[in-house]
file final06.cif (mmCIF, C-alpha atoms)
data_start
#
loop_
_atom_site.label_atom_id
_atom_site.label_comp_id
_atom_site.auth_asym_id
_atom_site.auth_seq_id
_atom_site.Cartn_x
_atom_site.Cartn_y
_atom_site.Cartn_z
CA MET V 127 -19.83 5.99 -7.28
CA LYS V 128 -19.13 9.21 -5.44
CA ILE V 129 -15.61 10.68 -5.54
CA ILE V 130 -14.30 13.06 -2.86
CA LYS V 131 -10.81 14.59 -2.87
CA THR V 132 -9.23 16.02 0.27
CA GLN V 133 -5.80 17.18 1.46
CA LEU V 134 -3.91 15.18 4.06
CA TRP V 135 -2.74 18.38 5.75
CA ASP V 136 -3.61 22.06 5.56
CA LYS V 137 0.10 22.75 5.31
CA THR V 138 2.42 19.89 4.47
CA PRO V 139 5.06 19.05 7.08
CA GLY V 140 8.56 18.51 5.74
CA MET V 141 9.27 21.86 4.05
CA CYS V 142 7.38 21.03 0.88
CA GLU V 143 4.98 23.00 -1.30
CA GLU V 144 3.28 19.83 -2.53
CA ILE V 145 0.29 18.83 -0.39
CA PRO V 146 -0.47 15.08 -0.61
CA GLN V 147 -4.05 14.25 -1.57
CA LEU V 148 -6.46 11.50 -0.57
CA THR V 149 -9.24 10.65 -3.02
CA ALA V 150 -12.21 8.63 -1.77
CA TYR V 151 -14.20 6.34 -4.06
CA ILE V 152 -17.50 5.64 -2.36
CA PRO V 153 -19.59 2.78 -3.79
CA GLU V 154 -23.23 3.20 -4.70
CA ASN V 155 -24.02 -0.28 -3.35
CA LYS V 156 -21.77 -0.82 -0.37
CA ARG V 157 -21.35 -4.47 0.61
CA SER V 158 -18.78 -4.03 3.36
CA ASP V 159 -17.82 -1.63 6.14
CA ALA V 160 -14.14 -2.17 5.35
CA ALA V 161 -11.98 0.36 3.51
CA VAL V 162 -8.84 0.03 1.38
CA VAL V 163 -6.17 2.75 1.23
CA ILE V 164 -4.20 2.48 -2.03
CA MET V 165 -0.56 3.40 -2.68
CA PRO V 166 0.02 3.43 -6.47
CA GLY V 167 3.30 2.08 -7.82
CA GLY V 168 5.90 3.94 -9.82
CA GLY V 169 9.37 3.30 -8.40
CA TYR V 170 9.03 6.17 -5.89
CA ALA V 171 9.39 8.43 -8.94
CA MET V 172 5.73 8.71 -10.04
CA ARG V 173 2.30 7.26 -9.24
CA ALA V 174 0.69 4.99 -11.83
CA ASP V 175 -2.97 5.79 -12.43
CA HIS V 176 -3.98 2.21 -13.28
CA GLU V 177 -2.59 1.09 -9.89
CA GLY V 178 -4.48 3.83 -8.06
CA LYS V 179 -7.71 4.95 -9.70
CA GLY V 180 -7.97 1.61 -11.53
CA TYR V 181 -7.94 -0.38 -8.29
CA ALA V 182 -10.22 2.08 -6.50
CA GLU V 183 -12.88 1.87 -9.18
CA PHE V 184 -12.70 -1.93 -9.14
CA LEU V 185 -13.11 -2.05 -5.37
CA ALA V 186 -15.95 0.49 -5.36
CA ASP V 187 -17.72 -1.44 -8.12
CA ASN V 188 -17.55 -4.45 -5.80
CA GLY V 189 -18.93 -2.57 -2.79
CA TYR V 190 -15.76 -1.51 -0.98
CA THR V 191 -14.89 2.07 -0.05
CA ALA V 192 -11.45 2.86 -1.45
CA PHE V 193 -9.00 5.74 -1.06
CA VAL V 194 -6.08 6.62 -3.33
CA CYS V 195 -3.16 8.36 -1.64
CA ASP V 196 -1.04 10.73 -3.72
CA TYR V 197 2.03 10.34 -1.51
CA ARG V 198 5.24 12.24 -2.16
CA VAL V 199 7.85 10.73 -4.49
CA ALA V 200 11.37 11.69 -5.61
CA PRO V 201 13.01 14.08 -5.14
CA HIS V 202 11.37 13.65 -1.74
CA ARG V 203 13.08 10.96 0.32
CA PHE V 204 12.36 8.76 3.32
CA PRO V 205 10.58 9.31 5.63
CA LEU V 206 8.19 11.58 3.71
CA PRO V 207 6.43 8.87 1.64
CA LEU V 208 5.93 6.83 4.83
CA LEU V 209 4.70 9.93 6.66
CA ASP V 210 2.07 10.42 3.94
CA SER V 211 1.05 6.76 3.99
CA ARG V 212 0.62 6.72 7.76
CA ARG V 213 -1.35 9.96 7.56
CA ALA V 214 -3.67 8.47 4.94
CA VAL V 215 -4.52 5.48 7.15
CA ARG V 216 -5.02 7.75 10.15
CA THR V 217 -7.21 10.15 8.16
CA VAL V 218 -9.50 7.34 7.03
CA ARG V 219 -9.82 6.10 10.60
CA ALA V 220 -10.45 9.59 11.96
CA ASN V 221 -13.30 10.03 9.46
CA ALA V 222 -14.67 6.49 9.63
CA ALA V 223 -18.13 7.56 10.79
CA GLU V 224 -18.44 10.04 7.92
CA TYR V 225 -17.64 7.33 5.37
CA GLY V 226 -19.72 4.65 7.10
CA ILE V 227 -16.77 2.32 7.63
CA ASP V 228 -15.29 0.41 10.56
CA LYS V 229 -12.00 1.98 11.69
CA ASN V 230 -10.86 -1.53 12.65
CA LYS V 231 -11.24 -2.73 9.06
CA VAL V 232 -8.85 -0.43 7.22
CA LEU V 233 -6.51 -2.19 4.80
CA ILE V 234 -3.59 -0.86 2.79
CA MET V 235 -2.87 -1.81 -0.83
CA GLY V 236 0.04 -1.18 -3.14
CA SER V 237 1.77 -2.30 -6.33
CA SER V 238 5.52 -2.48 -6.97
CA ALA V 239 7.08 0.44 -5.03
CA GLY V 240 3.59 1.23 -3.74
CA GLY V 241 3.58 -2.34 -2.44
CA HIS V 242 6.83 -1.59 -0.63
CA LEU V 243 5.24 1.47 0.95
CA ALA V 244 2.15 -0.54 1.95
CA ALA V 245 4.33 -3.27 3.48
CA LEU V 246 6.56 -0.70 5.18
CA THR V 247 3.51 0.97 6.72
CA SER V 248 2.53 -2.48 8.01
CA THR V 249 5.94 -3.31 9.53
CA TYR V 250 7.96 -0.18 10.36
CA TYR V 251 6.84 1.18 13.72
CA GLU V 252 9.55 3.66 14.70
CA LYS V 253 8.41 7.23 15.26
CA ILE V 254 9.29 9.53 12.39
CA GLU V 255 9.68 13.28 12.17
CA PHE V 256 6.64 15.54 11.78
CA GLU V 257 4.17 13.13 13.44
CA GLY V 258 1.89 13.97 16.35
CA ILE V 259 0.74 17.37 15.11
CA ASP V 260 -3.03 17.02 15.67
CA GLU V 261 -5.92 14.78 16.68
CA ILE V 262 -5.75 12.76 13.45
CA ASP V 263 -2.25 11.64 14.38
CA ARG V 264 -3.66 10.07 17.53
CA GLU V 265 -5.14 7.34 15.35
CA ASP V 266 -3.19 4.11 14.82
CA PHE V 267 -1.35 3.97 11.48
CA ILE V 268 -0.94 0.17 11.37
CA PRO V 269 -3.54 -1.19 8.92
CA ASN V 270 -5.71 -4.23 9.59
CA GLY V 271 -4.64 -5.98 6.40
CA GLN V 272 -2.26 -5.54 3.48
CA ILE V 273 -2.80 -6.21 -0.23
CA LEU V 274 0.46 -6.38 -2.17
CA CYS V 275 0.66 -6.62 -5.95
CA TYR V 276 4.10 -7.66 -7.32
CA PRO V 277 5.63 -5.66 -4.44
CA VAL V 278 9.13 -4.35 -4.02
CA ILE V 279 10.15 -5.72 -0.62
CA LYS V 280 13.94 -5.72 -0.72
CA LEU V 281 15.75 -2.50 -1.48
CA LEU V 282 19.18 -4.03 -1.97
CA ASP V 283 20.03 -7.58 -3.13
CA LYS V 284 17.27 -9.12 -5.31
CA GLY V 285 15.20 -6.01 -4.78
CA HIS V 286 14.61 -3.02 -7.01
CA LEU V 287 17.56 -0.68 -6.85
CA GLY V 288 15.77 2.18 -8.60
CA SER V 289 13.03 2.28 -5.98
CA GLY V 290 15.66 2.19 -3.27
CA GLU V 291 17.63 5.04 -4.79
CA ASN V 292 14.53 7.21 -5.13
CA LEU V 293 13.43 6.48 -1.56
CA MET V 294 16.76 6.60 0.26
CA GLY V 295 19.03 8.77 -1.88
CA ASP V 296 22.60 8.39 -0.63
CA ARG V 297 21.50 6.65 2.58
CA ALA V 298 21.14 3.14 1.09
CA GLU V 299 23.92 1.62 3.20
CA GLU V 300 22.37 3.09 6.36
CA LEU V 301 18.71 2.34 5.62
CA GLY V 302 18.54 -0.46 3.05
CA GLU V 303 18.14 -3.42 5.40
CA LYS V 304 15.97 -1.70 8.02
CA LEU V 305 13.53 -0.47 5.35
CA SER V 306 13.15 -3.90 3.75
CA PRO V 307 9.85 -5.17 5.26
CA ASN V 308 10.84 -8.85 5.21
CA ASN V 309 13.44 -7.98 7.87
CA ILE V 310 11.07 -6.23 10.28
CA VAL V 311 7.91 -8.35 10.45
CA THR V 312 6.56 -8.73 14.01
CA ASP V 313 3.48 -10.20 15.65
CA LYS V 314 1.81 -6.78 15.12
CA THR V 315 2.07 -7.04 11.33
CA PRO V 316 -1.36 -7.49 9.71
CA PRO V 317 -2.33 -10.44 7.45
CA ALA V 318 -1.56 -10.16 3.76
CA PHE V 319 -2.78 -11.02 0.28
CA ILE V 320 0.19 -11.10 -2.11
CA TRP V 321 0.50 -11.85 -5.80
CA SER V 322 3.27 -11.78 -8.38
CA THR V 323 4.48 -13.66 -11.47
CA PHE V 324 7.48 -15.90 -12.03
CA SER V 325 8.30 -14.03 -15.24
CA ASP V 326 8.45 -10.55 -13.68
CA GLY V 327 11.72 -9.22 -15.03
CA CYS V 328 11.66 -5.97 -13.04
CA VAL V 329 10.93 -6.98 -9.44
CA PRO V 330 12.04 -10.59 -8.81
CA VAL V 331 9.37 -12.92 -7.45
CA GLU V 332 11.66 -13.61 -4.47
CA ASN V 333 10.41 -10.32 -3.02
CA SER V 334 6.91 -11.74 -2.62
CA ILE V 335 8.04 -15.23 -1.60
CA ASP V 336 10.50 -14.05 1.04
CA TYR V 337 7.98 -11.65 2.53
CA ALA V 338 5.36 -14.40 2.72
CA GLU V 339 7.94 -16.60 4.44
CA ALA V 340 8.72 -13.86 6.96
CA LEU V 341 5.01 -13.49 7.72
CA HIS V 342 4.67 -17.27 8.12
CA ASN V 343 7.63 -17.41 10.49
CA ALA V 344 6.02 -14.69 12.62
CA GLY V 345 2.69 -16.52 12.72
CA ILE V 346 0.96 -13.97 10.48
CA GLY V 347 -1.61 -15.23 7.99
CA ALA V 348 -0.87 -14.73 4.31
CA GLU V 349 -2.25 -15.82 0.96
CA LEU V 350 0.31 -15.90 -1.85
CA HIS V 351 -0.46 -16.29 -5.57
CA VAL V 352 2.42 -16.68 -8.01
CA TYR V 353 1.34 -16.88 -11.64
CA PRO V 354 3.62 -18.41 -14.29
CA ASP V 355 3.41 -15.60 -16.84
CA GLY V 356 2.96 -11.85 -16.83
CA ASN V 357 5.10 -8.74 -17.06
CA HIS V 358 5.66 -6.25 -14.27
CA GLY V 359 3.10 -3.51 -13.66
CA LEU V 360 0.00 -5.41 -14.81
CA GLY V 361 -2.48 -3.78 -12.46
CA LEU V 362 -5.83 -5.50 -12.95
CA ALA V 363 -4.38 -7.16 -16.08
CA ASN V 364 -7.65 -6.53 -17.86
CA GLY V 365 -6.65 -4.85 -21.09
CA GLY V 366 -4.77 -2.04 -22.79
CA GLU V 367 -1.02 -1.78 -22.35
CA CYS V 368 -1.30 -3.92 -19.25
CA ARG V 369 -3.05 -6.77 -21.03
CA ALA V 370 -1.97 -10.18 -19.73
CA ASN V 371 -3.92 -13.41 -19.81
CA ASP V 372 -7.10 -14.68 -18.25
CA HIS V 373 -5.15 -16.71 -15.73
CA VAL V 374 -3.21 -13.87 -14.11
CA SER V 375 -6.19 -11.50 -14.31
CA SER V 376 -8.05 -13.87 -11.98
CA TRP V 377 -6.07 -12.39 -9.08
CA SER V 378 -8.72 -9.72 -8.48
CA GLY V 379 -11.41 -12.35 -7.98
CA ALA V 380 -9.13 -14.18 -5.56
CA LEU V 381 -8.67 -10.92 -3.67
CA LEU V 382 -12.42 -10.48 -3.23
CA LYS V 383 -12.65 -14.02 -1.87
CA TRP V 384 -9.76 -13.32 0.52
CA LEU V 385 -11.44 -10.17 1.77
CA GLU V 386 -14.66 -12.06 2.45
CA TYR V 387 -12.83 -15.00 4.04
CA ASN V 388 -11.12 -12.60 6.46
CA ASN V 389 -14.38 -10.82 7.32
CA PHE V 390 -13.49 -7.62 5.51
#
call {"tool": "encode", "arguments": {"input": "final06.cif", "output": "structure tokens"}}
result
Amino acid sequence: MKIIKTQLWDKTPGMCEEIPQLTAYIPENKRSDAAVVIMPGGGYAMRADHEGKGYAEFLADNGYTAFVCDYRVAPHRFPLPLLDSRRAVRTVRANAAEYGIDKNKVLIMGSSAGGHLAALTSTYYEKIEFEGIDEIDREDFIPNGQILCYPVIKLLDKGHLGSGENLMGDRAEELGEKLSPNNIVTDKTPPAFIWSTFSDGCVPVENSIDYAEALHNAGIGAELHVYPDGNHGLGLANGGECRANDHVSSWSGALLKWLEYNNF
């Protein structure tokens, strides 16, 4: 595969020296004109490589163009991670012809807190500061599909308080409910593939179930897989520290079938 790294901005908006990156993983044997923009997990404190590069390599090996977004994390607060995520989707769409992809087949993917950011990008439509600076920002930021791996959805009750603290700082009371994607699903929200495990002791499975229910109530298609066993942060669950079992590791094959079923 071919790997290309670019900056999301020449100069980062938001008074920050760190410039978020977007790394493209271009397959040698492309089987689809869809693209997947990946938000790695890490509690809004770091970005886990196996949930970024690991997913991108898997997708590229299966013929999909993938992009890993190095979005800003703590001490940076909302809305900066969302600003970076929206910019990543817009950048992929703005350069669709260069990458040989369809700008109407751009999905977003994330694990844990990265899953929260992916779901938030799919549901939170209010204008945020520092947008609208150039032609790229004219592109739509709402993805065409969302892939959520053991996602944080709720930032308060039954959610993941650490992710909420890193994202919102001392604004949890003000922002907690409005930044929980299960509360803000609309008919514009894209379809979703979601998976988690019943035994996840870090991010309760209710996050995935309640989000799937919110999508269902809004008439949005969703495929939900809940496996009986498996710790949090499994990624592809294919070995190493993230080793699980053959059953839960089958989620990646189910994802490929979901992508094909939905014409991605």
call {"tool": "resolve_selection", "arguments": {"input": "final06.cif", "expression": "the PyMOL selection byres ((chain V and resi 339-342) around 9)", "output": "ChimeraX atom specification"}}
result
/V:307-313,315-318,334-338,343-348
call {"tool": "write_last_selection", "arguments": {"input": "final06.cif", "atoms": "C-alpha atoms", "output": "PDB file, in the coordinates of the input"}}
result
ATOM      1  CA  PRO V 307       9.850  -5.170   5.260  1.00  0.00           C
ATOM      2  CA  ASN V 308      10.840  -8.850   5.210  1.00  0.00           C
ATOM      3  CA  ASN V 309      13.440  -7.980   7.870  1.00  0.00           C
ATOM      4  CA  ILE V 310      11.070  -6.230  10.280  1.00  0.00           C
ATOM      5  CA  VAL V 311       7.910  -8.350  10.450  1.00  0.00           C
ATOM      6  CA  THR V 312       6.560  -8.730  14.010  1.00  0.00           C
ATOM      7  CA  ASP V 313       3.480 -10.200  15.650  1.00  0.00           C
ATOM      8  CA  THR V 315       2.070  -7.040  11.330  1.00  0.00           C
ATOM      9  CA  PRO V 316      -1.360  -7.490   9.710  1.00  0.00           C
ATOM     10  CA  PRO V 317      -2.330 -10.440   7.450  1.00  0.00           C
ATOM     11  CA  ALA V 318      -1.560 -10.160   3.760  1.00  0.00           C
ATOM     12  CA  SER V 334       6.910 -11.740  -2.620  1.00  0.00           C
ATOM     13  CA  ILE V 335       8.040 -15.230  -1.600  1.00  0.00           C
ATOM     14  CA  ASP V 336      10.500 -14.050   1.040  1.00  0.00           C
ATOM     15  CA  TYR V 337       7.980 -11.650   2.530  1.00  0.00           C
ATOM     16  CA  ALA V 338       5.360 -14.400   2.720  1.00  0.00           C
ATOM     17  CA  ASN V 343       7.630 -17.410  10.490  1.00  0.00           C
ATOM     18  CA  ALA V 344       6.020 -14.690  12.620  1.00  0.00           C
ATOM     19  CA  GLY V 345       2.690 -16.520  12.720  1.00  0.00           C
ATOM     20  CA  ILE V 346       0.960 -13.970  10.480  1.00  0.00           C
ATOM     21  CA  GLY V 347      -1.610 -15.230   7.990  1.00  0.00           C
ATOM     22  CA  ALA V 348      -0.870 -14.730   4.310  1.00  0.00           C
TER      23      ALA V 348
END
call {"tool": "resolve_selection", "arguments": {"input": "final06.cif", "expression": "the PyMOL selection byres ((chain V and resi 236-243) around 8)", "output": "number ranges by chain"}}
result
V: 164-170, 177, 207-208, 211, 234-235, 244-247, 273-279, 289, 307, 329, 359, 361
call {"tool": "atom_distance", "arguments": {"input": "final06.cif", "atom1": "atom CA of V:Pro139", "atom2": "atom CA of V:Asn221"}}
result
20.6 Å
call {"tool": "residues_near_point", "arguments": {"input": "final06.cif", "point": "(11.2, 6.6, -0.9)", "cutoff": "7 Å", "atoms": "all atoms listed in the file", "output": "short mmCIF file (atom, residue, chain, number, x, y, z; two decimals) with C-alpha atoms, in the coordinates of the input"}}
result
data_model
loop_
_atom_site.label_atom_id
_atom_site.label_comp_id
_atom_site.auth_asym_id
_atom_site.auth_seq_id
_atom_site.Cartn_x
_atom_site.Cartn_y
_atom_site.Cartn_z
CA TYR V 170 9.03 6.17 -5.89
CA VAL V 199 7.85 10.73 -4.49
CA ALA V 200 11.37 11.69 -5.61
CA ARG V 203 13.08 10.96 0.32
CA PHE V 204 12.36 8.76 3.32
CA PRO V 207 6.43 8.87 1.64
CA SER V 289 13.03 2.28 -5.98
CA GLY V 290 15.66 2.19 -3.27
CA ASN V 292 14.53 7.21 -5.13
CA LEU V 293 13.43 6.48 -1.56
CA MET V 294 16.76 6.60 0.26
#
call {"tool": "closest_residue", "arguments": {"input": "final06.cif", "among": "V:Lys179, V:Arg213, V:Arg173, V:His202", "to": "V:Trp135", "atoms": "only C-alpha atoms"}}
result
V:Arg213
call {"tool": "atom_distance", "arguments": {"input": "final06.cif", "atom1": "atom CA of V:Tyr190", "atom2": "atom CA of V:Glu349"}}
result
19.8 Å
call {"tool": "closest_residue", "arguments": {"input": "final06.cif", "among": "V:Leu362, V:Ile259, V:Ile130, V:Ala161", "to": "V:Gly189", "atoms": "all atoms listed in the file"}}
result
V:Ala161
call {"tool": "residues_around", "arguments": {"input": "final06.cif", "residues": "V:Pro146", "least_positions_apart": "6", "cutoff": "6 Å", "atoms": "all atoms listed in the file", "output": "list in words"}}
result
Leu134, Asp196 and Tyr197 of chain V
call {"tool": "closest_residue", "arguments": {"input": "final06.cif", "among": "V:Ser248, V:Asn333, V:Ser378, V:Thr191", "to": "V:Lys280", "atoms": "all atoms listed in the file"}}
result
V:Asn333
call {"tool": "resolve_selection", "arguments": {"input": "final06.cif", "expression": "the PyMOL selection byres ((chain V and resi 232) around 9)", "output": "list of chain:residue names"}}
result
V:Ala160, V:Ala161, V:Val162, V:Val163, V:Val215, V:Val218, V:Arg219, V:Ile227, V:Asp228, V:Lys229, V:Asn230, V:Lys231, V:Leu233, V:Ile234, V:Ile268, V:Pro269, V:Asn270, V:Gly271, V:Phe390
call {"tool": "residues_around", "arguments": {"input": "final06.cif", "residues": "V:Asn188", "least_positions_apart": "5", "cutoff": "9 Å", "atoms": "all atoms listed in the file", "output": "PyMOL selection string"}}
result
chain V and resi 153+155-157+183+382
call {"tool": "atom_distance", "arguments": {"input": "final06.cif", "atom1": "atom CA of V:Tyr181", "atom2": "atom CA of V:Ala214"}}
result
16.5 Å
call {"tool": "closest_residue", "arguments": {"input": "final06.cif", "among": "V:Arg264, V:Tyr151, V:Leu305, V:Ala220", "to": "V:Leu281", "atoms": "only C-alpha atoms"}}
result
V:Leu305
call {"tool": "closest_residue", "arguments": {"input": "final06.cif", "among": "V:Phe256, V:Phe267, V:Tyr251, V:Phe319", "to": "V:Trp384", "atoms": "all atoms listed in the file"}}
result
V:Phe319
call {"tool": "closest_residue", "arguments": {"input": "final06.cif", "among": "V:Ala174, V:Thr132, V:Cys328, V:Leu185", "to": "V:Glu154", "atoms": "all atoms listed in the file"}}
result
V:Leu185
call {"tool": "residues_near_point", "arguments": {"input": "final06.cif", "point": "(-3.8, -11.6, -13.6)", "cutoff": "12 Å", "atoms": "only C-alpha atoms", "output": "PDB file with C-alpha atoms, in the frame of the given file"}}
result
ATOM      1  CA  CYS V 275       0.660  -6.620  -5.950  1.00  0.00           C
ATOM      2  CA  TYR V 276       4.100  -7.660  -7.320  1.00  0.00           C
ATOM      3  CA  TRP V 321       0.500 -11.850  -5.800  1.00  0.00           C
ATOM      4  CA  SER V 322       3.270 -11.780  -8.380  1.00  0.00           C
ATOM      5  CA  THR V 323       4.480 -13.660 -11.470  1.00  0.00           C
ATOM      6  CA  HIS V 351      -0.460 -16.290  -5.570  1.00  0.00           C
ATOM      7  CA  VAL V 352       2.420 -16.680  -8.010  1.00  0.00           C
ATOM      8  CA  TYR V 353       1.340 -16.880 -11.640  1.00  0.00           C
ATOM      9  CA  PRO V 354       3.620 -18.410 -14.290  1.00  0.00           C
ATOM     10  CA  ASP V 355       3.410 -15.600 -16.840  1.00  0.00           C
ATOM     11  CA  GLY V 356       2.960 -11.850 -16.830  1.00  0.00           C
ATOM     12  CA  ASN V 357       5.100  -8.740 -17.060  1.00  0.00           C
ATOM     13  CA  HIS V 358       5.660  -6.250 -14.270  1.00  0.00           C
ATOM     14  CA  GLY V 359       3.100  -3.510 -13.660  1.00  0.00           C
ATOM     15  CA  LEU V 360       0.000  -5.410 -14.810  1.00  0.00           C
ATOM     16  CA  GLY V 361      -2.480  -3.780 -12.460  1.00  0.00           C
ATOM     17  CA  LEU V 362      -5.830  -5.500 -12.950  1.00  0.00           C
ATOM     18  CA  ALA V 363      -4.380  -7.160 -16.080  1.00  0.00           C
ATOM     19  CA  ASN V 364      -7.650  -6.530 -17.860  1.00  0.00           C
ATOM     20  CA  GLY V 365      -6.650  -4.850 -21.090  1.00  0.00           C
ATOM     21  CA  CYS V 368      -1.300  -3.920 -19.250  1.00  0.00           C
ATOM     22  CA  ARG V 369      -3.050  -6.770 -21.030  1.00  0.00           C
ATOM     23  CA  ALA V 370      -1.970 -10.180 -19.730  1.00  0.00           C
ATOM     24  CA  ASN V 371      -3.920 -13.410 -19.810  1.00  0.00           C
ATOM     25  CA  ASP V 372      -7.100 -14.680 -18.250  1.00  0.00           C
ATOM     26  CA  HIS V 373      -5.150 -16.710 -15.730  1.00  0.00           C
ATOM     27  CA  VAL V 374      -3.210 -13.870 -14.110  1.00  0.00           C
ATOM     28  CA  SER V 375      -6.190 -11.500 -14.310  1.00  0.00           C
ATOM     29  CA  SER V 376      -8.050 -13.870 -11.980  1.00  0.00           C
ATOM     30  CA  TRP V 377      -6.070 -12.390  -9.080  1.00  0.00           C
ATOM     31  CA  SER V 378      -8.720  -9.720  -8.480  1.00  0.00           C
ATOM     32  CA  GLY V 379     -11.410 -12.350  -7.980  1.00  0.00           C
ATOM     33  CA  ALA V 380      -9.130 -14.180  -5.560  1.00  0.00           C
ATOM     34  CA  LEU V 381      -8.670 -10.920  -3.670  1.00  0.00           C
TER      35      LEU V 381
END
call {"tool": "residues_around", "arguments": {"input": "final06.cif", "residues": "V:Thr217", "least_positions_apart": "5", "cutoff": "9 Å", "atoms": "only C-alpha atoms", "output": "compact mmCIF listing (two decimals) with C-alpha atoms, keeping the file's coordinate frame"}}
result
# COMPACT_ATOMS: atom_id res chain seq x y z
CA LEU V 134 -3.91 15.18 4.06
CA LEU V 148 -6.46 11.50 -0.57
CA ARG V 212 0.62 6.72 7.76
CA ALA V 222 -14.67 6.49 9.63
CA ILE V 262 -5.75 12.76 13.45
CA ASP V 263 -2.25 11.64 14.38
CA GLU V 265 -5.14 7.34 15.35
call {"tool": "decode", "arguments": {"input": "final06.cif", "residues": "stretch 173-194 of chain V", "atoms": "C-alpha atoms", "output": "JSON list (two decimals), in the first residue's frame"}}
result
[["chain", "number", "residue", "atom", "x", "y", "z"],
["V", 173, "ARG", "CA", -4.45, 8.11, 20.25],
["V", 174, "ALA", "CA", -4.00, 4.33, 20.21],
["V", 175, "ASP", "CA", -1.96, 3.11, 17.25],
["V", 176, "HIS", "CA", -3.73, -0.26, 16.96],
["V", 177, "GLU", "CA", -7.06, 1.60, 16.60],
["V", 178, "GLY", "CA", -5.64, 3.89, 13.93],
["V", 179, "LYS", "CA", -2.86, 2.41, 11.83],
["V", 180, "GLY", "CA", -4.07, -1.11, 12.66],
["V", 181, "TYR", "CA", -7.53, -0.47, 11.23],
["V", 182, "ALA", "CA", -6.19, 1.46, 8.24],
["V", 183, "GLU", "CA", -3.87, -1.35, 7.22],
["V", 184, "PHE", "CA", -6.71, -3.87, 7.57],
["V", 185, "LEU", "CA", -9.02, -1.78, 5.39],
["V", 186, "ALA", "CA", -6.34, -1.12, 2.77],
["V", 187, "ASP", "CA", -5.49, -4.82, 2.65],
["V", 188, "ASN", "CA", -9.16, -5.39, 1.84],
["V", 189, "GLY", "CA", -9.26, -2.77, -0.91],
["V", 190, "TYR", "CA", -10.56, 0.29, 0.93],
["V", 191, "THR", "CA", -8.81, 3.66, 1.06],
["V", 192, "ALA", "CA", -8.39, 4.65, 4.70],
["V", 193, "PHE", "CA", -7.28, 7.81, 6.50],
["V", 194, "VAL", "CA", -6.10, 8.12, 10.10]]
